[in-house]
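Structure below is model32.cif: mmCIF, C-alpha atoms.
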```
data_coords
#
loop_
_atom_site.label_atom_id
_atom_site.label_comp_id
_atom_site.auth_asym_id
_atom_site.auth_seq_id
_atom_site.Cartn_x
_atom_site.Cartn_y
_atom_site.Cartn_z
CA MET A 1 21.29 -22.29 57.22
CA THR A 2 19.25 -19.34 56.03
CA THR A 3 18.26 -16.94 58.81
CA ARG A 4 15.30 -14.61 58.79
CA ASN A 5 17.63 -11.65 58.21
CA ASP A 6 18.86 -13.21 54.95
CA TRP A 7 15.45 -13.09 53.26
CA THR A 8 14.59 -10.59 50.56
CA THR A 9 10.93 -9.57 50.37
CA THR A 10 9.74 -8.54 46.90
CA PRO A 11 6.41 -6.77 46.37
CA VAL A 12 3.96 -8.69 44.22
CA SER A 13 3.40 -6.43 41.21
CA ALA A 14 2.59 -6.62 37.52
CA ASP A 15 6.35 -6.86 36.83
CA ILE A 16 6.42 -10.46 38.05
CA VAL A 17 2.84 -11.64 37.40
CA ARG A 18 1.79 -13.28 34.13
CA GLY A 19 -1.67 -14.40 33.08
CA ALA A 20 -3.71 -11.89 35.11
CA LEU A 21 -5.49 -8.88 33.63
CA ASP A 22 -5.67 -6.98 36.93
CA LEU A 23 -4.11 -7.04 40.39
CA GLU A 24 -6.39 -5.82 43.17
CA GLN A 25 -4.76 -4.42 46.29
CA THR A 26 -6.75 -5.68 49.28
CA GLU A 27 -6.26 -5.26 53.01
CA ARG A 28 -4.53 -8.64 53.13
CA GLY A 29 -2.50 -8.64 49.94
CA VAL A 30 -2.70 -8.78 46.15
CA LEU A 31 -5.63 -10.58 44.54
CA PRO A 32 -5.08 -11.54 40.88
CA HIS A 33 -8.08 -11.20 38.58
CA ARG A 34 -8.61 -12.58 35.09
CA LEU A 35 -11.09 -9.84 34.21
CA PRO A 36 -10.33 -6.11 34.57
CA ALA A 37 -12.08 -3.90 37.11
CA ARG A 38 -14.41 -2.36 34.54
CA ALA A 39 -15.67 -5.79 33.53
CA ARG A 40 -16.05 -6.92 37.15
CA GLN A 41 -18.32 -3.94 37.82
CA GLN A 42 -20.73 -5.36 35.25
CA ILE A 43 -20.87 -8.88 36.70
CA ALA A 44 -24.12 -9.69 38.47
CA ASP A 45 -23.33 -13.41 38.52
CA GLY A 46 -21.68 -14.79 41.65
CA GLN A 47 -20.44 -17.86 39.77
CA LEU A 48 -18.53 -15.78 37.22
CA ALA A 49 -17.20 -13.45 39.92
CA MET A 50 -15.80 -16.48 41.73
CA ALA A 51 -14.43 -18.09 38.57
CA GLU A 52 -12.56 -15.04 37.29
CA SER A 53 -10.83 -14.66 40.67
CA GLN A 54 -9.53 -18.23 40.49
CA PRO A 55 -6.08 -17.80 38.95
CA SER A 56 -6.05 -20.43 36.20
CA GLY A 57 -2.89 -19.83 34.19
CA VAL A 58 -1.66 -17.08 36.53
CA ARG A 59 1.95 -17.39 37.64
CA LEU A 60 4.75 -15.44 39.29
CA VAL A 61 7.76 -15.17 37.00
CA PHE A 62 11.25 -14.00 37.99
CA ARG A 63 14.97 -14.71 37.69
CA THR A 64 17.09 -15.40 40.77
CA ARG A 65 19.93 -17.35 42.39
CA ALA A 66 17.70 -18.15 45.37
CA THR A 67 17.65 -21.71 46.67
CA ASP A 68 14.71 -21.15 49.02
CA VAL A 69 11.43 -19.41 48.20
CA GLU A 70 8.51 -18.62 50.52
CA LEU A 71 5.08 -17.41 49.47
CA ASP A 72 2.47 -16.26 51.99
CA VAL A 73 -1.08 -16.75 50.73
CA VAL A 74 -4.71 -16.70 51.74
CA ALA A 75 -6.47 -19.43 49.79
CA THR A 76 -10.25 -19.62 49.50
CA LYS A 77 -11.50 -23.13 50.16
CA ARG A 78 -14.82 -24.05 48.54
CA VAL A 79 -17.23 -26.32 50.38
CA TYR A 80 -20.36 -27.53 48.57
CA VAL A 81 -23.07 -28.66 50.97
CA GLY A 82 -23.74 -32.36 50.44
CA ALA A 83 -20.79 -32.87 48.08
CA PRO A 84 -17.48 -34.61 48.78
CA PRO A 85 -14.67 -32.37 50.12
CA ARG A 86 -12.61 -30.69 47.43
CA PRO A 87 -8.84 -31.27 47.29
CA ASP A 88 -6.55 -28.41 48.23
CA GLY A 89 -5.30 -26.26 45.37
CA VAL A 90 -1.81 -26.98 44.09
CA TYR A 91 1.03 -24.45 43.68
CA GLU A 92 3.74 -25.56 41.26
CA LEU A 93 7.26 -24.13 41.05
CA LEU A 94 9.13 -24.52 37.75
CA VAL A 95 12.85 -23.93 37.25
CA ASP A 96 13.81 -23.18 33.65
CA GLY A 97 10.50 -24.68 32.55
CA ARG A 98 10.82 -27.91 34.56
CA LEU A 99 8.80 -28.85 37.62
CA ALA A 100 10.88 -28.42 40.77
CA GLY A 101 8.32 -28.41 43.57
CA ARG A 102 4.70 -28.47 44.63
CA ALA A 103 2.94 -27.09 47.69
CA GLY A 104 -0.54 -26.43 49.00
CA ALA A 105 -2.36 -24.38 51.61
CA SER A 106 -4.45 -26.57 53.90
CA ASP A 107 -6.41 -23.69 55.41
CA GLY A 108 -7.62 -20.23 54.50
CA ASP A 109 -10.92 -18.49 53.93
CA THR A 110 -13.85 -20.88 53.49
CA LEU A 111 -16.66 -20.30 51.00
CA THR A 112 -19.63 -22.58 51.75
CA ILE A 113 -22.04 -22.97 48.83
CA ASP A 114 -25.47 -24.57 49.13
CA MET A 115 -26.58 -25.25 45.55
CA ALA A 116 -30.03 -26.43 46.65
CA ALA A 117 -30.71 -23.26 48.64
CA GLY A 118 -28.81 -20.95 46.30
CA THR A 119 -26.76 -19.45 49.15
CA ALA A 120 -23.06 -18.78 49.75
CA GLU A 121 -21.30 -17.79 52.96
CA THR A 122 -17.64 -16.89 53.57
CA ARG A 123 -15.63 -17.49 56.77
CA ARG A 124 -12.33 -15.66 57.17
CA GLY A 125 -9.27 -17.84 57.68
CA PRO A 126 -5.51 -17.61 58.24
CA VAL A 127 -2.49 -16.77 56.11
CA GLU A 128 -0.38 -19.82 55.24
CA THR A 129 3.27 -19.97 54.16
CA LEU A 130 4.31 -22.16 51.25
CA ARG A 131 7.96 -23.19 51.10
CA PHE A 132 10.05 -24.35 48.15
CA THR A 133 13.57 -25.33 49.18
CA GLY A 134 16.72 -26.87 47.73
CA LEU A 135 16.57 -25.10 44.36
CA PRO A 136 19.73 -24.99 42.21
CA ASP A 137 22.30 -22.42 43.36
CA ASP A 138 22.65 -20.61 40.06
CA GLU A 139 20.84 -17.92 38.12
CA LYS A 140 17.60 -19.42 36.78
CA ASP A 141 14.13 -18.60 35.56
CA VAL A 142 11.48 -19.42 38.15
CA GLU A 143 7.72 -19.65 37.73
CA ILE A 144 5.20 -20.26 40.51
CA TRP A 145 1.88 -21.34 39.04
CA LEU A 146 -1.07 -20.56 41.30
CA PRO A 147 -3.94 -23.05 41.77
CA HIS A 148 -6.20 -23.00 38.73
CA ASP A 149 -9.38 -23.45 40.77
CA GLU A 150 -8.69 -21.81 44.14
CA THR A 151 -8.89 -18.05 44.65
CA THR A 152 -5.53 -16.97 46.07
CA CYS A 153 -4.58 -13.70 47.73
CA LEU A 154 -0.80 -13.14 47.56
CA VAL A 155 0.42 -11.71 50.86
CA ALA A 156 4.24 -11.81 50.62
CA LEU A 157 7.04 -13.27 48.49
CA ARG A 158 10.41 -13.97 50.12
CA THR A 159 13.62 -15.42 48.70
CA ASP A 160 17.10 -16.03 50.08
CA ALA A 161 18.61 -14.06 47.19
CA PRO A 162 17.37 -10.96 45.36
CA LEU A 163 15.05 -11.25 42.40
CA LEU A 164 15.87 -10.05 38.91
CA SER A 165 13.35 -9.07 36.28
CA PRO A 166 12.39 -12.00 34.06
CA ARG A 167 14.03 -12.02 30.68
CA PRO A 168 11.75 -11.55 27.67
CA SER A 169 10.65 -15.00 26.61
CA GLY A 170 10.27 -14.19 22.94
CA ARG A 171 7.14 -16.32 22.96
CA ARG A 172 3.90 -15.28 21.35
CA VAL A 173 1.00 -14.52 23.70
CA TRP A 174 -2.00 -16.82 23.35
CA LEU A 175 -5.27 -15.41 24.72
CA HIS A 176 -7.92 -18.10 25.18
CA HIS A 177 -11.52 -17.92 26.39
CA GLY A 178 -13.73 -20.85 27.28
CA SER A 179 -15.77 -22.65 29.91
CA SER A 180 -14.89 -24.67 33.02
CA ILE A 181 -13.18 -27.19 30.73
CA SER A 182 -10.75 -24.47 29.63
CA HIS A 183 -10.63 -23.16 33.21
CA GLY A 184 -9.31 -26.60 34.20
CA SER A 185 -12.11 -28.35 36.07
CA ASN A 186 -11.05 -31.85 37.19
CA ALA A 187 -7.41 -31.20 36.30
CA THR A 188 -5.29 -31.82 39.38
CA THR A 189 -2.53 -29.26 38.84
CA PRO A 190 -2.33 -25.76 37.32
CA THR A 191 0.12 -26.85 34.62
CA GLY A 192 -2.13 -29.84 33.87
CA THR A 193 -5.08 -27.95 32.42
CA TRP A 194 -5.43 -28.49 28.69
CA PRO A 195 -4.65 -24.83 27.78
CA ALA A 196 -1.51 -24.84 29.97
CA LEU A 197 -0.34 -28.12 28.42
CA ALA A 198 -1.08 -26.90 24.89
CA ALA A 199 0.71 -23.60 25.52
CA ALA A 200 3.79 -25.42 26.78
CA SER A 201 3.76 -27.69 23.73
CA GLY A 202 3.31 -24.76 21.35
CA GLY A 203 5.84 -22.48 23.03
CA ALA A 204 3.24 -19.80 23.81
CA GLU A 205 2.65 -17.51 26.77
CA LEU A 206 -0.86 -18.33 28.01
CA ILE A 207 -3.50 -15.92 29.21
CA ASN A 208 -6.35 -18.23 30.21
CA MET A 209 -9.79 -16.63 30.27
CA GLY A 210 -11.57 -19.92 30.77
CA PHE A 211 -14.28 -19.29 33.35
CA GLY A 212 -16.22 -22.09 35.03
CA GLY A 213 -19.85 -21.50 34.07
CA GLY A 214 -18.92 -18.17 32.49
CA ALA A 215 -18.36 -18.63 28.75
CA LEU A 216 -21.62 -16.89 27.88
CA LEU A 217 -20.64 -14.43 25.12
CA ASP A 218 -20.67 -11.58 27.63
CA PRO A 219 -19.81 -8.26 25.96
CA PHE A 220 -17.52 -7.26 28.85
CA THR A 221 -15.46 -10.40 28.30
CA ALA A 222 -15.14 -9.59 24.60
CA ARG A 223 -14.03 -6.04 25.43
CA ALA A 224 -11.46 -7.35 27.93
CA MET A 225 -10.03 -9.61 25.23
CA ARG A 226 -10.12 -6.77 22.70
CA ASP A 227 -8.02 -4.61 25.00
CA THR A 228 -5.49 -7.31 25.99
CA PRO A 229 -2.30 -7.45 23.89
CA ALA A 230 -2.03 -10.88 22.26
CA ASP A 231 -0.64 -12.57 19.18
CA LEU A 232 -3.01 -15.54 19.04
CA LEU A 233 -6.68 -15.75 20.05
CA SER A 234 -9.15 -18.57 20.53
CA VAL A 235 -12.69 -18.84 21.86
CA LYS A 236 -14.40 -22.09 22.83
CA ILE A 237 -18.13 -21.54 22.74
CA GLY A 238 -21.18 -23.59 23.56
CA ILE A 239 -21.38 -25.77 26.63
CA ASN A 240 -22.17 -23.01 29.14
CA ILE A 241 -24.80 -21.48 26.89
CA VAL A 242 -26.61 -24.82 26.78
CA ASN A 243 -26.01 -25.47 30.51
CA ALA A 244 -27.63 -22.18 31.42
CA ASP A 245 -30.37 -22.38 28.77
CA LEU A 246 -29.29 -18.80 28.17
CA MET A 247 -30.59 -18.03 24.69
CA ARG A 248 -32.30 -19.42 21.65
CA LEU A 249 -30.85 -19.93 18.18
CA ARG A 250 -32.17 -16.55 16.99
CA ALA A 251 -30.07 -14.74 19.62
CA PHE A 252 -27.06 -17.06 19.52
CA GLY A 253 -25.88 -16.30 15.99
CA PRO A 254 -25.88 -12.50 16.36
CA ALA A 255 -24.26 -12.82 19.80
CA VAL A 256 -21.40 -14.84 18.29
CA HIS A 257 -21.00 -12.29 15.50
CA GLY A 258 -20.95 -9.45 18.03
CA PHE A 259 -18.35 -11.18 20.19
CA LEU A 260 -16.09 -11.81 17.19
CA ASP A 261 -16.61 -8.26 15.90
CA THR A 262 -15.38 -6.91 19.24
CA LEU A 263 -12.31 -9.15 19.19
CA ARG A 264 -11.51 -7.95 15.69
CA ASP A 265 -11.76 -4.32 16.82
CA GLY A 266 -8.63 -4.90 18.91
CA HIS A 267 -6.95 -7.70 16.97
CA PRO A 268 -7.86 -7.16 13.33
CA THR A 269 -5.38 -9.62 11.79
CA ALA A 270 -4.35 -11.96 14.62
CA PRO A 271 -5.07 -15.66 14.06
CA LEU A 272 -8.46 -16.26 15.67
CA LEU A 273 -9.66 -19.82 16.25
CA VAL A 274 -13.32 -20.58 17.03
CA ILE A 275 -13.72 -23.94 18.78
CA SER A 276 -17.04 -25.73 19.14
CA PRO A 277 -17.93 -27.97 22.13
CA ILE A 278 -16.30 -31.29 22.86
CA CYS A 279 -18.53 -34.36 23.21
CA CYS A 280 -20.84 -34.25 26.22
CA PRO A 281 -23.66 -36.81 25.97
CA LEU A 282 -25.75 -34.93 28.53
CA HIS A 283 -26.34 -32.09 26.08
CA GLU A 284 -25.62 -33.49 22.62
CA ASN A 285 -29.32 -33.51 21.77
CA THR A 286 -30.94 -32.42 25.04
CA PRO A 287 -31.23 -28.70 25.85
CA GLY A 288 -30.55 -27.15 29.22
CA PRO A 289 -30.81 -26.06 31.83
CA LEU A 290 -28.26 -28.19 33.63
CA ALA A 291 -28.95 -29.13 37.25
CA PRO A 292 -26.92 -30.83 39.99
CA ASP A 293 -27.63 -34.51 40.36
CA PHE A 294 -28.60 -34.55 44.03
CA ARG A 295 -28.95 -38.32 44.04
CA ALA A 296 -25.30 -38.62 43.04
CA MET A 297 -24.37 -36.10 45.72
CA SER A 298 -26.22 -38.15 48.34
CA GLU A 299 -23.98 -41.06 47.33
CA GLY A 300 -20.85 -38.94 47.71
CA ARG A 301 -20.39 -38.29 44.00
CA VAL A 302 -20.54 -35.13 41.91
CA GLY A 303 -22.86 -35.34 38.94
CA PHE A 304 -25.15 -33.30 36.72
CA THR A 305 -28.31 -33.83 34.74
CA ALA A 306 -29.89 -32.11 31.74
CA THR A 307 -33.46 -31.03 32.37
CA GLY A 308 -34.53 -29.67 28.96
CA ASP A 309 -36.92 -31.24 26.45
CA PRO A 310 -35.43 -32.36 23.11
CA ALA A 311 -38.76 -31.61 21.46
CA GLU A 312 -38.11 -27.90 22.02
CA VAL A 313 -35.10 -27.84 19.70
CA ALA A 314 -37.46 -27.25 16.80
CA ALA A 315 -38.57 -24.04 18.54
CA GLY A 316 -34.99 -22.76 18.80
CA LYS A 317 -33.64 -24.30 22.00
CA LEU A 318 -29.92 -24.99 21.82
CA THR A 319 -28.04 -28.26 22.08
CA LEU A 320 -24.37 -28.95 21.44
CA THR A 321 -25.22 -30.42 18.05
CA VAL A 322 -27.10 -27.27 17.05
CA ILE A 323 -24.28 -25.03 18.28
CA ARG A 324 -21.60 -26.94 16.39
CA ASP A 325 -23.53 -26.55 13.14
CA GLU A 326 -24.15 -22.84 13.75
CA LEU A 327 -20.52 -22.07 14.65
CA ALA A 328 -19.27 -23.85 11.54
CA ARG A 329 -21.72 -21.84 9.43
CA ILE A 330 -20.73 -18.53 11.04
CA VAL A 331 -17.01 -19.12 10.59
CA ARG A 332 -17.48 -20.15 6.94
CA GLN A 333 -19.45 -16.97 6.31
CA ARG A 334 -16.99 -14.66 8.04
CA ALA A 335 -13.87 -16.36 6.67
CA ALA A 336 -14.83 -15.15 3.21
CA THR A 337 -13.62 -11.69 4.26
CA ASP A 338 -11.42 -12.66 7.24
CA PRO A 339 -8.56 -14.95 6.12
CA HIS A 340 -7.21 -15.15 9.67
CA LEU A 341 -10.38 -16.68 11.12
CA HIS A 342 -10.39 -20.45 11.64
CA HIS A 343 -12.71 -23.16 12.96
CA LEU A 344 -12.02 -26.29 15.00
CA ASP A 345 -14.75 -28.86 15.63
CA GLY A 346 -14.60 -29.78 19.32
CA LEU A 347 -15.34 -33.40 18.44
CA ASP A 348 -11.86 -33.52 16.88
CA LEU A 349 -10.49 -32.81 20.35
CA TYR A 350 -12.75 -35.23 22.23
CA GLY A 351 -15.46 -37.17 20.44
CA ALA A 352 -17.82 -40.08 21.08
CA ALA A 353 -15.04 -42.70 20.81
CA ASP A 354 -12.97 -40.76 23.34
CA HIS A 355 -15.96 -40.60 25.68
CA ALA A 356 -16.33 -44.38 25.47
CA GLU A 357 -12.65 -44.77 26.43
CA LEU A 358 -12.30 -41.84 28.84
CA PRO A 359 -15.78 -40.90 30.07
CA LEU A 360 -16.34 -37.55 31.79
CA PRO A 361 -16.31 -38.48 35.51
CA ASP A 362 -19.16 -36.14 36.47
CA GLY A 363 -20.81 -36.14 33.06
CA LEU A 364 -19.45 -32.69 32.24
CA HIS A 365 -15.71 -32.23 32.94
CA PRO A 366 -12.68 -34.15 31.65
CA ASP A 367 -10.27 -35.96 33.95
CA PRO A 368 -6.50 -35.27 33.90
CA ALA A 369 -5.81 -37.84 31.19
CA THR A 370 -8.48 -36.29 28.99
CA HIS A 371 -7.08 -32.79 29.57
CA ARG A 372 -3.78 -34.11 28.24
CA ARG A 373 -5.42 -35.73 25.22
CA ILE A 374 -7.31 -32.54 24.37
CA ALA A 375 -4.09 -30.53 24.75
CA GLU A 376 -2.11 -32.83 22.49
CA ARG A 377 -4.74 -32.72 19.77
CA PHE A 378 -5.17 -28.96 20.04
CA ALA A 379 -1.42 -28.39 19.85
CA ARG A 380 -1.15 -30.56 16.73
CA HIS A 381 -4.05 -28.77 15.07
CA ALA A 382 -3.14 -25.21 16.07
CA PHE A 383 0.63 -25.00 16.51
CA ASP A 384 2.03 -27.57 14.09
CA ARG A 385 3.07 -26.66 10.56
CA GLY A 386 0.06 -25.52 8.56
CA GLY A 387 -2.02 -24.83 11.67
CA PRO A 388 -3.60 -21.45 12.41
CA PHE A 389 -1.08 -20.74 15.20
CA ALA A 390 1.99 -22.07 13.41
CA PRO A 391 4.85 -19.55 13.21
CA GLN A 392 4.79 -17.71 9.93
CA ASP A 393 7.84 -17.78 7.70
CA ARG A 394 9.38 -14.35 7.36
#
```

Render the structure in this file as structure tokens.
Amino acid sequence: MTTRNDWTTTPVSADIVRGALDLEQTERGVLPHRLPARARQQIADGQLAMAESQPSGVRLVFRTRATDVELDVVATKRVYVGAPPRPDGVYELLVDGRLAGRAGASDGDTLTIDMAAGTAETRRGPVETLRFTGLPDDEKDVEIWLPHDETTCLVALRTDAPLLSPRPSGRRVWLHHGSSISHGSNATTPTGTWPALAAASGGAELINMGFGGGALLDPFTARAMRDTPADLLSVKIGINIVNADLMRLRAFGPAVHGFLDTLRDGHPTAPLLVISPICCPLHENTPGPLAPDFRAMSEGRVGFTATGDPAEVAAGKLTLTVIRDELARIVRQRAATDPHLHHLDGLDLYGAADHAELPLPDGLHPDPATHRRIAERFARHAFDRGGPFAPQDR
């Protein structure tokens, strides 16, 4: 039996964290961020600030002979007034790439959000200890994937054997930016988001910069991607811009060009894949803004509604159909001088026929089965032979 004196405590540092761009030292522990401090200083949007602190794709990575692992965390539980309770975030432990355990924190800080009133309030909660036991008694590679949609402060990591530095994986780093769909909304586990599944299929190391509500062509996001070492890049653009009714067609095209220009400043020849929106009937031909469906919430369901007027498309309002056409045009234009730039129509990942078979449960976000379908199709398009992310013959 392992006694308390047999535990080794290892500081949580950049040496064992993958998928985060910054680690903030707080009074309670280490808070992983998916945007660097300079970018966070320019965020005036509480939704994006919350989303970037949710560690989608972030994992602890180490090598050890330990059979028991403990992780002390403070999880932030989100409560939406009038909406059904959210499930607890899931922590997944992988041994040599295979799932070996799951855990969750049932308590922690509580963030109460009233979408009707536009208010948010935080209540401080306790530290919880997650335990993974009965692991193989040999030297192995261990990953602990943090919840994709639950802000997590890492307080302490303990093992019943010392940790070794992870061995270089030899995998290429894939840096991806997108909306809540890329963030992992409605996926049930951190390794079940479509980018995590696609990365596993393609043998890539994922850095997921999918931000719920936050794929808005922000210059600070482009600069963060520019400055992040990566071998493969992709950006999925459109749904949030329509949701927020953020800009008109006149501004959208130059904003896309500017975002791609910034990426190319840091990654001039890396394969860069521009992905247009998947099918979402709410916004195919109806502009934003998006609003919560309070009637659905009163019935215990989460839902959304589009409030724009299709007649305003002629005046430059954006829909998903308009954005798909514009992104295809921009990529064709730029590809004439950028042979490493590629386009993927989001309808090839999830189109109208898919929606008829696997409808979006809340009208906006895919369910776990749809995340898997999107991942499989993306991996075939991007990573298979002839795809933009396929390994190049040397």

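With all atoms listed in the file as the basis for measurement, A:Gly253 is the residue among A:Pro147, A:Gly253, A:Pro268, A:Gly192 that approaches A:Gly316 most closely.
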
Point to revise | Coordinates-based distance that separates atom CA of A:Pro292 from atom CA of A:Gly351 (Å, one decimal) | key: 23.5 Å

Exercise for review: May I have the residues within 8 Å of A:Ile275 as a list in words, using only C-alpha atoms and disregarding those fewer than 3 positions away in the same chain?
Suggested key: Ser234, Val235, Lys236, Ile237, His343, Leu344, Asp345 and Gly346 of chain A

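Of note, atom CA of A:Thr337 and atom CA of A:Asp218 are spaced 24.4 Å apart.
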
Point to revise | Residue IDs satisfying the PyMOL selection byres ((chain A and resi 178) around 10), as an MDAnalysis selection string | key: chainID A and resid 176:177 179:183 195 208:217 234:240 275 277

For the file shown, report as a PDB file with C-alpha atoms, keeping the file's coordinate frame the outcome of the PyMOL selection byres ((chain A and resi 28) around 9) at residue level.
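expr-v4.pdb, written as the output of this step:
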```pdb
ATOM      1  CA  GLN A  25      -4.760  -4.420  46.290  1.00  0.00           C
ATOM      2  CA  THR A  26      -6.750  -5.680  49.280  1.00  0.00           C
ATOM      3  CA  GLU A  27      -6.260  -5.260  53.010  1.00  0.00           C
ATOM      4  CA  GLY A  29      -2.500  -8.640  49.940  1.00  0.00           C
ATOM      5  CA  VAL A  30      -2.700  -8.780  46.150  1.00  0.00           C
ATOM      6  CA  LEU A  31      -5.630 -10.580  44.540  1.00  0.00           C
ATOM      7  CA  VAL A  74      -4.710 -16.700  51.740  1.00  0.00           C
ATOM      8  CA  VAL A 127      -2.490 -16.770  56.110  1.00  0.00           C
ATOM      9  CA  CYS A 153      -4.580 -13.700  47.730  1.00  0.00           C
ATOM     10  CA  LEU A 154      -0.800 -13.140  47.560  1.00  0.00           C
ATOM     11  CA  VAL A 155       0.420 -11.710  50.860  1.00  0.00           C
TER      12      VAL A 155
END
```

Review point. Which distance in Å separates atom CA of A:Leu364 and atom CA of A:Leu21, to one decimal?
Key: 27.6 Å

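Distances from A:Glu139, A:Ala120, A:Thr129, A:Asp149 to A:Gln54 were compared using all atoms listed in the file, and the smallest one belongs to A:Asp149.
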
Check your understanding: Can you list, as a ChimeraX atom specification, the residues that the PyMOL selection byres ((chain A and resi 92) around 6) selects here?
Key -> /A:91,93,101-102,144-145

I need the chosen residues saved as a compact mmCIF listing (two decimals), in the coordinates of the input, with C-alpha atoms.
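Generated output (result.txt):
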```
# COMPACT_ATOMS: atom_id res chain seq x y z
CA TYR A 91 1.03 -24.45 43.68
CA LEU A 93 7.26 -24.13 41.05
CA GLY A 101 8.32 -28.41 43.57
CA ARG A 102 4.70 -28.47 44.63
CA ILE A 144 5.20 -20.26 40.51
CA TRP A 145 1.88 -21.34 39.04
```

Practice item. Would you list the residues near (-26.0, -37.7, 28.9), meaning any protein, DNA or RNA residue with an atom at most 8 Å from that point in file coordinates, counting all atoms listed in the file, as a ChimeraX atom specification? Key: /A:280-284,305-306,363

Check your understanding: When distances are computed from only C-alpha atoms, which of A:Asn285, A:Val173, A:Val313, A:Pro271 shows the smallest separation from A:Arg250?
Key -> A:Val313

Check your understanding: Once you count all atoms listed in the file, which residues end up no further than 10 Å from (2.3, -18.3, 33.8) in the file's frame, shown as a ChimeraX atom specification?
Key -> /A:16-20,55-61,143-146,190-191,196,199,205-208

Could the residues in this selection be written to a file with C-alpha atoms, as a compact mmCIF listing (two decimals), in the coordinates of the input?
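Once written, result-v7.txt looks like this:
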```txt
# COMPACT_ATOMS: atom_id res chain seq x y z
CA ILE A 16 6.42 -10.46 38.05
CA VAL A 17 2.84 -11.64 37.40
CA ARG A 18 1.79 -13.28 34.13
CA GLY A 19 -1.67 -14.40 33.08
CA ALA A 20 -3.71 -11.89 35.11
CA PRO A 55 -6.08 -17.80 38.95
CA SER A 56 -6.05 -20.43 36.20
CA GLY A 57 -2.89 -19.83 34.19
CA VAL A 58 -1.66 -17.08 36.53
CA ARG A 59 1.95 -17.39 37.64
CA LEU A 60 4.75 -15.44 39.29
CA VAL A 61 7.76 -15.17 37.00
CA GLU A 143 7.72 -19.65 37.73
CA ILE A 144 5.20 -20.26 40.51
CA TRP A 145 1.88 -21.34 39.04
CA LEU A 146 -1.07 -20.56 41.30
CA PRO A 190 -2.33 -25.76 37.32
CA THR A 191 0.12 -26.85 34.62
CA ALA A 196 -1.51 -24.84 29.97
CA ALA A 199 0.71 -23.60 25.52
CA GLU A 205 2.65 -17.51 26.77
CA LEU A 206 -0.86 -18.33 28.01
CA ILE A 207 -3.50 -15.92 29.21
CA ASN A 208 -6.35 -18.23 30.21
```

Check your understanding: Which neighbours of A:Asp160 fall inside 12 Å, counting only C-alpha atoms, when residues of the same chain fewer than 3 positions from it are skipped, and could you give them as a PyMOL selection string?
Key -> chain A and resi 1-10+64-70+131-135+137+157+163
